[in-house]
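Since the structure comes first, as structure tokens, the remarks are kept for the end.
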Amino acid sequence: MSIRLEESWKKVLNDEFEKDYMKILRAFLLSEQEIGHTTFPPNRYIFNAFNHTPFDRVKVVILGQDPYHGQGQAHGLSFSVQNGVAVPPSLKNIFKELANDIPSFHIPLHGDLTRWANQGVLLLNATLTVEAQKPGSHQGKGWEIFTDRAITELSVRRSNIVFLLWGKFAQHKAALIDKRKHHILTAAHPSPYSASNGFFSCRHFSRTNQILLENHIEPVDWQLT
């Protein structure tokens, strides 16, 4: 498997690719594909979050758990789906909260969040691959070590990043973040099962922009075309 990782992230994370867990993980992924298992996202998109959002440009992190497991959905950005694919329920709820939080926001007809990533919003899943139709199937295979390192490096080397941690899984990652240097906003997960228990009305999008402005950082234009 060829690895394409944006240069600023490569400087921070390159040594991870020489560690035993990553060699085992790579062998596992190759084996899965050789025996005919379909994995998502396609190999070229596995590190999409890093490639769209360079290390030095990260100003917001939205943490997901693992990629969508349906055909054509995942493209390496948490909560995002490729253009032309039906918007999943959690993302519909994210858009609903955005519309309630930011009056000028118009709900788009697609779920491609690349525009956010290009503005410095790191859309990071804790696990970067999944087997088709088997949610969570690649958890515990090593990806979490890699993505925890990414979060830790952001915490140590950067400042005034806004971390949006939705749901208990994401909130456990708060232990990796230096709260004296960064800003953590927590809420329920936007899933239909939990959004009404604290995601709706969290106002994380306007609060994020307020924090960024207070720290002389350009806010995010959340509108998607």
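By order in the structure tokens, chains are A, B, ...; within a chain, residues start at 1; ligands start at 1, following the order shown.
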Applying 10 Å and only C-alpha atoms, which residues near region 50-59 of chain A remain after dropping the ones on its own chain fewer than 3 positions away? List them as a ChimeraX atom specification. /A:4-12,45-47,76-77,114-124,150,153-154,157-163,182,208,212,217-220
Quick one: residues within 9 Å of region 84-90 of chain A, only C-alpha atoms counted, chain neighbours fewer than 6 positions away excluded, as a compact mmCIF listing (two decimals) with N, CA, C and O atoms, in the first residue's frame?
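Once everything was written out, this is part_6.txt:
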```txt
# COMPACT_ATOMS: atom_id res chain seq x y z
N GLY A 72 -19.38 3.83 -1.38
CA GLY A 72 -19.27 5.19 -1.88
C GLY A 72 -19.38 6.29 -0.85
O GLY A 72 -19.30 7.47 -1.20
N GLN A 73 -19.54 5.94 0.42
CA GLN A 73 -19.73 6.98 1.44
C GLN A 73 -18.41 7.59 1.90
O GLN A 73 -18.16 8.79 1.73
N LEU A 109 -27.37 20.38 -0.20
CA LEU A 109 -27.97 19.18 -0.78
C LEU A 109 -27.00 18.01 -0.80
O LEU A 109 -27.33 16.94 -1.33
N HIS A 110 -25.81 18.20 -0.27
CA HIS A 110 -24.80 17.15 -0.26
C HIS A 110 -24.13 17.11 1.12
O HIS A 110 -24.36 17.99 1.95
N GLY A 111 -23.30 16.09 1.32
CA GLY A 111 -22.65 15.93 2.62
C GLY A 111 -21.14 15.95 2.56
O GLY A 111 -20.47 15.42 3.45
N ASP A 112 -20.58 16.56 1.53
CA ASP A 112 -19.13 16.62 1.37
C ASP A 112 -18.59 17.81 2.17
O ASP A 112 -18.86 18.97 1.85
N HIS A 189 -23.56 12.95 21.01
CA HIS A 189 -23.29 12.62 19.61
C HIS A 189 -24.48 13.04 18.75
O HIS A 189 -25.64 12.97 19.20
N PRO A 190 -24.23 13.49 17.50
CA PRO A 190 -25.35 13.90 16.64
C PRO A 190 -26.20 12.76 16.07
O PRO A 190 -27.14 13.02 15.31
N SER A 191 -25.91 11.54 16.44
CA SER A 191 -26.72 10.41 16.00
C SER A 191 -28.19 10.62 16.38
O SER A 191 -28.50 11.22 17.42
N PRO A 192 -29.13 10.12 15.57
CA PRO A 192 -30.55 10.22 15.93
C PRO A 192 -30.87 9.62 17.30
O PRO A 192 -31.86 10.00 17.92
N ALA A 195 -28.96 12.77 19.69
CA ALA A 195 -28.87 14.20 19.38
C ALA A 195 -29.78 15.05 20.27
O ALA A 195 -29.42 16.17 20.65
```
Residue list (strand (DSSP E or B), DSSP) for region 9-134 of chain A, as a PyMOL selection string: chain A and resi 39-40+60-64+121-125+130-131+134
Those same residues - C-alpha atoms - I'd like them written as a PDB file, in the first residue's frame.
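As written to disk, result16.pdb reads:
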```pdb
ATOM      1  CA  THR A  39     -12.529  -1.864   2.895  1.00  0.00           C
ATOM      2  CA  PHE A  40     -13.475   1.790   3.128  1.00  0.00           C
ATOM      3  CA  VAL A  60     -10.607  22.996  14.820  1.00  0.00           C
ATOM      4  CA  VAL A  61     -10.781  19.229  15.336  1.00  0.00           C
ATOM      5  CA  ILE A  62     -14.031  17.277  14.912  1.00  0.00           C
ATOM      6  CA  LEU A  63     -13.432  13.729  16.078  1.00  0.00           C
ATOM      7  CA  GLY A  64     -15.380  10.744  14.786  1.00  0.00           C
ATOM      8  CA  VAL A 121     -11.059  21.836  10.356  1.00  0.00           C
ATOM      9  CA  LEU A 122      -9.399  18.461  10.941  1.00  0.00           C
ATOM     10  CA  LEU A 123     -12.144  15.895  10.343  1.00  0.00           C
ATOM     11  CA  LEU A 124     -10.441  12.978  12.058  1.00  0.00           C
ATOM     12  CA  ASN A 125     -11.768   9.489  12.679  1.00  0.00           C
ATOM     13  CA  VAL A 130     -13.469  -0.275   8.092  1.00  0.00           C
ATOM     14  CA  GLU A 131     -14.711  -3.411   6.332  1.00  0.00           C
ATOM     15  CA  LYS A 134     -19.208  -4.118   9.325  1.00  0.00           C
TER      16      LYS A 134
END
```
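Nearest residue to Asp101 (chain A) among A:Ile184, A:Asn215, A:Thr225, A:Ser206 is A:Ser206, counting only C-alpha atoms.
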For CA of Asn83 (chain A) and CA of Leu224 (chain A), the interatomic separation in Å (one decimal):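 Here the two named atoms are 11.6 Å from each other.
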I need the residues of chain A that end up classed as alpha helix (DSSP H) by DSSP on the backbone, written out as a VMD selection string. chain A and resid 7 to 13 20 to 34 48 to 52 89 to 101 114 to 118 143 to 157 167 to 171 204 to 214
